[in-house]
Amino acid sequence: MNFSALRVLLVGPLPPPAGGMANQTRQLAELLRGEGAAVELVQVNAPYRPAWAERLKGVRAFFRLVPYLLRLWRGAGRADLMHVMANSGWSWHLFAAPAVWIGWFRGVPVVVNYRGGEAEPFLARSAASVRATLRRAASLVLPSGFLLEVFARYGMPGRIVANIVDLERFRPREVPRRSVDGPLLIAARNLEAIYGNDTVLRAFALLSESWPGARLSIAGSGPEAAALAALAQELGVADRVRFTGRLDRDQMAALYRDADLMLNASRVDNMPNALLEALASGLVVVTSDVGGIPFIVRQRQTAMLVPPDDPQAMAKAAHEVLADASLHAALVAAGRDEVQRYRWSSVRAELLAAYVDAIAAKKAT
C-alpha cells in the first residue's frame with residue numbers, strides 16, 4: 001500500500017492562529033496530498049456559522065460542535081482512515097473523543113495522534129475515559145519518547161511517529177548576519193503562563209548587563225501580552241524588546257534566519273516544533289529541560305538545557321554561547337544534523353506503516 005491509494009479524513013485545527021498543532025495539521029494535509037492521497041479536512045476550530053454566534057458566550061460551543069459532528073459523520077463515510085490530531089483537556093473531550101467514537105461507529109480505522117504537553121496531569125484526571133475511547137481507536141501515535149512513556153504508565157501503548165519539519169522553509173541564512181548592535185534573540189511560544197516568557201524577559205535583562213546591544217523578539221500572542229509588556233518596562237529593557245504578535249510560518253522562518261539564539265523557558269512541554277524549526281534555521285537553542293525537551297535535544301551537544309524558572313541559569317548559558325564562538329558553531333552544526341530526522345522523507349515511512357497497521361488491525365476485529 002502507498003499513500004496514493006488512501007482516502008484520509010484528517011481532523012485537527014488549522015491556522016489562524018498559527019500554533020504548533022495547527023501548522024502540523026496544515027503541513028500534513030499538504031504532504032499527504034503531495035503523495036497522491038485524497039485528504040478531506042475537518043477543522044476543529046472552524047469559524048462560527050453564523051459569525052455572530054461567537055459573541056454568545058455559554059452557548060457558542062453548540063454552534064461549532066454540531067456542524068463539526070455532522071462533518072465528521074459524513075466524512076467518515078467517505079474515508080479509508082481517520083487521522084485525529086488530539087490534545088489535552090476540553091479539546092480532547094469536545095473534539096478528539098467524538099471523532100474516535102464516530103469512526104468506530106462507522107467502521108473506519110482511527111489513528112489518534114496525541115500532541116499535548118500537559119499529558120501527565122490530564123491523564124492523572126481522565127485516564128479512565130481516555131482509555132475507554134482509545135480502545136475504539138486502531139492506533140495511538142505519539143511524536144516523542146516522552147509521551148510514549150507517559151501513556152504507557154497509564155496502560156495505553158503507542159508508537160512514535162515524529163513531528164515533521166519543513167527544512168526547505170526553515171533553513172539557515174546564506175550569508176552570516178553581521179550586526180554592529182549586538183545579538184538578536186528570539187522566543188517563539190504563545191504568551192501563556194506555561195511557556196515562561198516572563199523567565200525569558202528576566203533572563204534577557206540579566207544578559208543585557210554583559211550584552212547591552214542585545215535585542216529580543218517575542219513572537220506569539222496570548223492572554224499574558226499586557227503583563228509581559230509591563231514586565232519589560234519594569235526590567236528596563238522595553239526599548240530592546242519587540243513583541244511581534246503572532247506570525248505565519250513564512251514570517252517565522254524569516255525571523256529565525258535573522259536571529260542568533262532562541263530562548264525557550266516553557267514550564268510544561270512535549271515536542272515543541274519551535275525548537276526544531278530554530279535548530280533547522282541554524283540557531284542555538286537555550287531551553288528549559290522540562291517534559292519531552294530532553295528527549296529531542298542533548299545538553300551541550302545539540303542545545304543548552306537549564307532548569308525551569310531559572311532566569312540566572314538561562315542568562316548564563318546564553319552568555320556562554322554568545323561569548324564562545326567554537327561552542328556556538330558546534331551547537332549549530334550538531335543541531336542541523338539532529339533535525340534531519342524530522343524531514344518528511346524520514347518520517348514518511350513511519351507514518352505509512354502506522355496507517356497500514358491501523359487498517360489491518362481494524363480488518364482483524
# chains A, B, ... in the order shown; residues from 1 in each chain; ligands from 1

call {"tool": "residues_around", "arguments": {"residues": "range 81-89 of chain A", "least_positions_apart": "6", "cutoff": "7 Å", "atoms": "only C-alpha atoms", "output": "list in words"}}
result
Arg7, Val8, Leu9, Leu10, Val11, Gly12, Ala96, Val108, Pro109, Val110, Val111, Val112, Asn113, Tyr114, Arg115, Gly116, Glu118, Ala119 and Phe122 of chain A

call {"tool": "residues_around", "arguments": {"residues": "Arg300 in chain A", "least_positions_apart": "3", "cutoff": "10 Å", "atoms": "only C-alpha atoms", "output": "list in words"}}
result
Val286, Val297, Ala303, Met304, Leu305, Ala317, Val321, Leu327, His328, Ala330, Leu331 and Ala334 of chain A

call {"tool": "residues_around", "arguments": {"residues": "range 202-205 of chain A", "least_positions_apart": "5", "cutoff": "8 Å", "atoms": "only C-alpha atoms", "output": "list in words"}}
result
Leu216, Leu235, Gly236, Val237, Pro311, Gln312, Met314 and Ala315 of chain A

call {"tool": "write_last_selection", "arguments": {"atoms": "N, CA and C atoms", "output": "tab-separated table (two decimals), in the first residue's frame"}}
result
chain	number	residue	atom	x	y	z
A	216	LEU	N	15.71	41.47	21.75
A	216	LEU	CA	14.87	40.29	21.90
A	216	LEU	C	13.56	40.49	21.15
A	235	LEU	N	11.64	45.93	34.00
A	235	LEU	CA	13.03	45.45	33.96
A	235	LEU	C	13.96	46.42	33.22
A	236	GLY	N	13.40	47.43	32.61
A	236	GLY	CA	14.21	48.42	31.90
A	236	GLY	C	14.72	47.98	30.56
A	237	VAL	N	14.04	47.02	29.93
A	237	VAL	CA	14.50	46.52	28.63
A	237	VAL	C	13.46	46.72	27.53
A	311	PRO	N	15.96	32.24	35.57
A	311	PRO	CA	16.50	33.20	34.60
A	311	PRO	C	18.01	33.37	34.69
A	312	GLN	N	18.57	33.19	35.91
A	312	GLN	CA	20.03	33.30	36.05
A	312	GLN	C	20.73	32.22	35.24
A	314	MET	N	19.53	30.58	32.67
A	314	MET	CA	19.29	30.82	31.24
A	314	MET	C	20.21	31.91	30.72
A	315	ALA	N	20.34	33.00	31.48
A	315	ALA	CA	21.22	34.09	31.06
A	315	ALA	C	22.67	33.62	30.99

call {"tool": "residues_around", "arguments": {"residues": "Leu94 in chain A", "least_positions_apart": "5", "cutoff": "12 Å", "atoms": "only C-alpha atoms", "output": "MDAnalysis selection string"}}
result
chainID A and resid 12 44:45 61:62 64:66 68:69 86:89 99:101

call {"tool": "atom_distance", "arguments": {"atom1": "CA of Arg55 in chain A", "atom2": "CA of Ser221 in chain A"}}
result
20.5 Å

call {"tool": "residues_around", "arguments": {"residues": "range 207-209 of chain A", "least_positions_apart": "6", "cutoff": "8 Å", "atoms": "only C-alpha atoms", "output": "list in words"}}
result
Ala315, Lys316, Ala318 and His319 of chain A

call {"tool": "write_last_selection", "arguments": {"atoms": "C-alpha atoms", "output": "compact mmCIF listing (two decimals), in the first residue's frame"}}
result
# COMPACT_ATOMS: atom_id res chain seq x y z
CA ALA A 315 21.22 34.09 31.06
CA LYS A 316 24.47 32.32 31.99
CA ALA A 318 23.14 32.25 26.67
CA HIS A 319 26.17 34.35 27.61

call {"tool": "residues_around", "arguments": {"residues": "range 27-39 of chain A", "least_positions_apart": "4", "cutoff": "9 Å", "atoms": "only C-alpha atoms", "output": "list in words"}}
result
Asn2, Phe3, Ser4, Ala5, Leu6, Arg7, Val8, Leu9, Leu10, Ala22, Asn23, Ala79, Ile164, Val165, Asp166 and Trp344 of chain A

call {"tool": "residues_around", "arguments": {"residues": "range 225-228 of chain A", "least_positions_apart": "2", "cutoff": "9 Å", "atoms": "only C-alpha atoms", "output": "PyMOL selection string"}}
result
chain A and resi 191-192+197-198+201+220-223+230-233+243+245

call {"tool": "select_by_dssp", "arguments": {"residues": "range 195-260 of chain A", "states": "strand (DSSP E)", "output": "VMD selection string"}}
result
chain A and resid 215 to 219 241 to 245

call {"tool": "write_last_selection", "arguments": {"atoms": "N, CA and C atoms", "output": "PDB file, in the first residue's frame"}}
result
ATOM      1  N   ARG A 215      19.174  42.425  21.539  1.00  0.00           N
ATOM      2  CA  ARG A 215      17.752  42.679  21.333  1.00  0.00           C
ATOM      3  C   ARG A 215      16.987  41.358  21.409  1.00  0.00           C
ATOM      4  N   LEU A 216      15.706  41.474  21.752  1.00  0.00           N
ATOM      5  CA  LEU A 216      14.872  40.289  21.901  1.00  0.00           C
ATOM      6  C   LEU A 216      13.562  40.491  21.151  1.00  0.00           C
ATOM      7  N   SER A 217      13.198  39.510  20.320  1.00  0.00           N
ATOM      8  CA  SER A 217      11.890  39.488  19.674  1.00  0.00           C
ATOM      9  C   SER A 217      11.080  38.336  20.254  1.00  0.00           C
ATOM     10  N   ILE A 218       9.875  38.636  20.700  1.00  0.00           N
ATOM     11  CA  ILE A 218       8.970  37.614  21.237  1.00  0.00           C
ATOM     12  C   ILE A 218       7.812  37.473  20.264  1.00  0.00           C
ATOM     13  N   ALA A 219       7.742  36.310  19.626  1.00  0.00           N
ATOM     14  CA  ALA A 219       6.724  36.070  18.600  1.00  0.00           C
ATOM     15  C   ALA A 219       5.612  35.216  19.186  1.00  0.00           C
ATOM     16  N   VAL A 241      13.044  45.183  23.426  1.00  0.00           N
ATOM     17  CA  VAL A 241      12.181  44.004  23.285  1.00  0.00           C
ATOM     18  C   VAL A 241      11.063  44.340  22.313  1.00  0.00           C
ATOM     19  N   ARG A 242      10.886  43.484  21.313  1.00  0.00           N
ATOM     20  CA  ARG A 242       9.820  43.670  20.331  1.00  0.00           C
ATOM     21  C   ARG A 242       8.839  42.521  20.438  1.00  0.00           C
ATOM     22  N   PHE A 243       7.574  42.859  20.680  1.00  0.00           N
ATOM     23  CA  PHE A 243       6.501  41.869  20.664  1.00  0.00           C
ATOM     24  C   PHE A 243       5.907  41.875  19.256  1.00  0.00           C
ATOM     25  N   THR A 244       6.176  40.830  18.507  1.00  0.00           N
ATOM     26  CA  THR A 244       5.798  40.812  17.092  1.00  0.00           C
ATOM     27  C   THR A 244       4.336  40.468  16.875  1.00  0.00           C
ATOM     28  N   GLY A 245       3.677  39.900  17.897  1.00  0.00           N
ATOM     29  CA  GLY A 245       2.380  39.300  17.648  1.00  0.00           C
ATOM     30  C   GLY A 245       2.568  37.952  16.977  1.00  0.00           C
TER      31      GLY A 245
END

call {"tool": "select_by_dssp", "arguments": {"residues": "range 86-121 of chain A", "states": "helix (DSSP H, G or I)", "output": "ChimeraX atom specification"}}
result
/A:89-105,119-121

call {"tool": "write_last_selection", "arguments": {"atoms": "N, CA and C atoms", "output": "compact mmCIF listing (two decimals), in the first residue's frame"}}
result
# COMPACT_ATOMS: atom_id res chain seq x y z
N GLY A 89 -7.33 18.06 27.89
CA GLY A 89 -8.42 18.87 28.43
C GLY A 89 -9.68 18.84 27.59
N TRP A 90 -10.35 20.01 27.54
CA TRP A 90 -11.61 20.11 26.82
C TRP A 90 -11.44 19.83 25.34
N SER A 91 -10.27 20.11 24.79
CA SER A 91 -10.02 19.81 23.39
C SER A 91 -10.18 18.31 23.13
N TRP A 92 -9.71 17.49 24.06
CA TRP A 92 -9.88 16.04 23.92
C TRP A 92 -11.37 15.67 23.98
N HIS A 93 -12.03 16.14 25.02
CA HIS A 93 -13.40 15.71 25.27
C HIS A 93 -14.38 16.21 24.20
N LEU A 94 -14.16 17.43 23.71
CA LEU A 94 -15.11 18.02 22.76
C LEU A 94 -14.83 17.63 21.31
N PHE A 95 -13.56 17.40 20.97
CA PHE A 95 -13.22 17.21 19.56
C PHE A 95 -12.59 15.85 19.26
N ALA A 96 -11.55 15.47 19.99
CA ALA A 96 -10.85 14.22 19.66
C ALA A 96 -11.71 13.00 19.98
N ALA A 97 -12.24 12.94 21.21
CA ALA A 97 -13.02 11.76 21.60
C ALA A 97 -14.23 11.53 20.69
N PRO A 98 -15.04 12.56 20.39
CA PRO A 98 -16.16 12.32 19.47
C PRO A 98 -15.72 11.80 18.10
N ALA A 99 -14.57 12.28 17.61
CA ALA A 99 -14.07 11.80 16.32
C ALA A 99 -13.75 10.31 16.39
N VAL A 100 -13.13 9.88 17.48
CA VAL A 100 -12.80 8.46 17.63
C VAL A 100 -14.07 7.62 17.66
N TRP A 101 -15.05 8.05 18.43
CA TRP A 101 -16.28 7.27 18.56
C TRP A 101 -17.06 7.23 17.24
N ILE A 102 -17.08 8.32 16.53
CA ILE A 102 -17.77 8.33 15.24
C ILE A 102 -17.06 7.38 14.26
N GLY A 103 -15.74 7.42 14.25
CA GLY A 103 -15.01 6.49 13.40
C GLY A 103 -15.32 5.04 13.75
N TRP A 104 -15.39 4.76 15.04
CA TRP A 104 -15.69 3.40 15.48
C TRP A 104 -17.10 2.99 15.06
N PHE A 105 -18.08 3.87 15.25
CA PHE A 105 -19.45 3.56 14.85
C PHE A 105 -19.54 3.32 13.35
N ALA A 119 0.09 16.15 29.09
CA ALA A 119 -0.47 14.80 29.13
C ALA A 119 -0.50 14.22 30.53
N GLU A 120 0.55 14.41 31.31
CA GLU A 120 0.62 13.80 32.64
C GLU A 120 -0.51 14.26 33.55
N PRO A 121 -0.70 15.57 33.78
CA PRO A 121 -1.83 15.97 34.63
C PRO A 121 -3.18 15.63 34.02

call {"tool": "closest_residue", "arguments": {"among": "A:Ala132, A:Trp73, A:Ala265, A:Pro307", "to": "Gly107 in chain A", "atoms": "only C-alpha atoms"}}
result
A:Trp73

call {"tool": "closest_residue", "arguments": {"among": "A:Ala313, A:Ala361, A:Met271, A:Ala333", "to": "Gln301 in chain A", "atoms": "only C-alpha atoms"}}
result
A:Ala333

call {"tool": "closest_residue", "arguments": {"among": "A:Asn273, A:Thr365, A:Ser210, A:Asn264", "to": "Asp310 in chain A", "atoms": "only C-alpha atoms"}}
result
A:Asn264

call {"tool": "decode", "arguments": {"residues": "range 272-325 of chain A", "atoms": "C-alpha atoms", "output": "compact mmCIF listing (two decimals), in the first residue's frame"}}
result
# COMPACT_ATOMS: atom_id res chain seq x y z
CA PRO A 272 7.87 21.82 20.57
CA ASN A 273 8.22 22.30 16.85
CA ALA A 274 9.53 25.82 17.50
CA LEU A 275 12.74 24.32 18.87
CA LEU A 276 13.14 22.03 15.87
CA GLU A 277 12.50 24.91 13.47
CA ALA A 278 15.10 27.01 15.28
CA LEU A 279 17.69 24.23 15.02
CA ALA A 280 16.89 23.80 11.33
CA SER A 281 17.38 27.54 10.86
CA GLY A 282 20.89 27.44 12.33
CA LEU A 283 20.07 28.90 15.76
CA VAL A 284 21.48 27.80 19.07
CA VAL A 285 18.67 26.92 21.47
CA VAL A 286 18.82 27.66 25.20
CA THR A 287 15.84 25.91 26.76
CA SER A 288 14.32 24.67 29.96
CA ASP A 289 14.71 20.91 30.40
CA VAL A 290 11.05 20.07 31.06
CA GLY A 291 8.77 17.35 29.71
CA GLY A 292 9.82 15.94 26.37
CA ILE A 293 12.50 18.51 25.59
CA PRO A 294 15.41 16.35 26.92
CA PHE A 295 14.16 13.63 24.56
CA ILE A 296 14.82 15.77 21.48
CA VAL A 297 17.95 17.78 22.40
CA ARG A 298 21.02 16.89 24.46
CA GLN A 299 22.85 19.14 26.88
CA ARG A 300 25.85 20.92 25.34
CA GLN A 301 25.59 18.70 22.24
CA THR A 302 22.55 19.99 20.37
CA ALA A 303 21.28 22.66 22.81
CA MET A 304 21.87 24.29 26.19
CA LEU A 305 19.49 22.92 28.83
CA VAL A 306 18.68 24.81 32.03
CA PRO A 307 16.23 24.30 34.92
CA PRO A 308 12.75 25.84 34.52
CA ASP A 309 12.00 29.18 36.19
CA ASP A 310 15.70 29.98 36.50
CA PRO A 311 16.50 33.20 34.60
CA GLN A 312 20.03 33.30 36.05
CA ALA A 313 20.85 29.87 34.59
CA MET A 314 19.29 30.82 31.24
CA ALA A 315 21.22 34.09 31.06
CA LYS A 316 24.47 32.32 31.99
CA ALA A 317 24.01 29.65 29.30
CA ALA A 318 23.14 32.25 26.67
CA HIS A 319 26.17 34.35 27.61
CA GLU A 320 28.45 31.30 27.34
CA VAL A 321 27.22 30.52 23.84
CA LEU A 322 27.47 34.11 22.64
CA ALA A 323 30.97 34.50 24.07
CA ASP A 324 32.38 31.20 22.81
CA ALA A 325 32.45 31.07 19.00
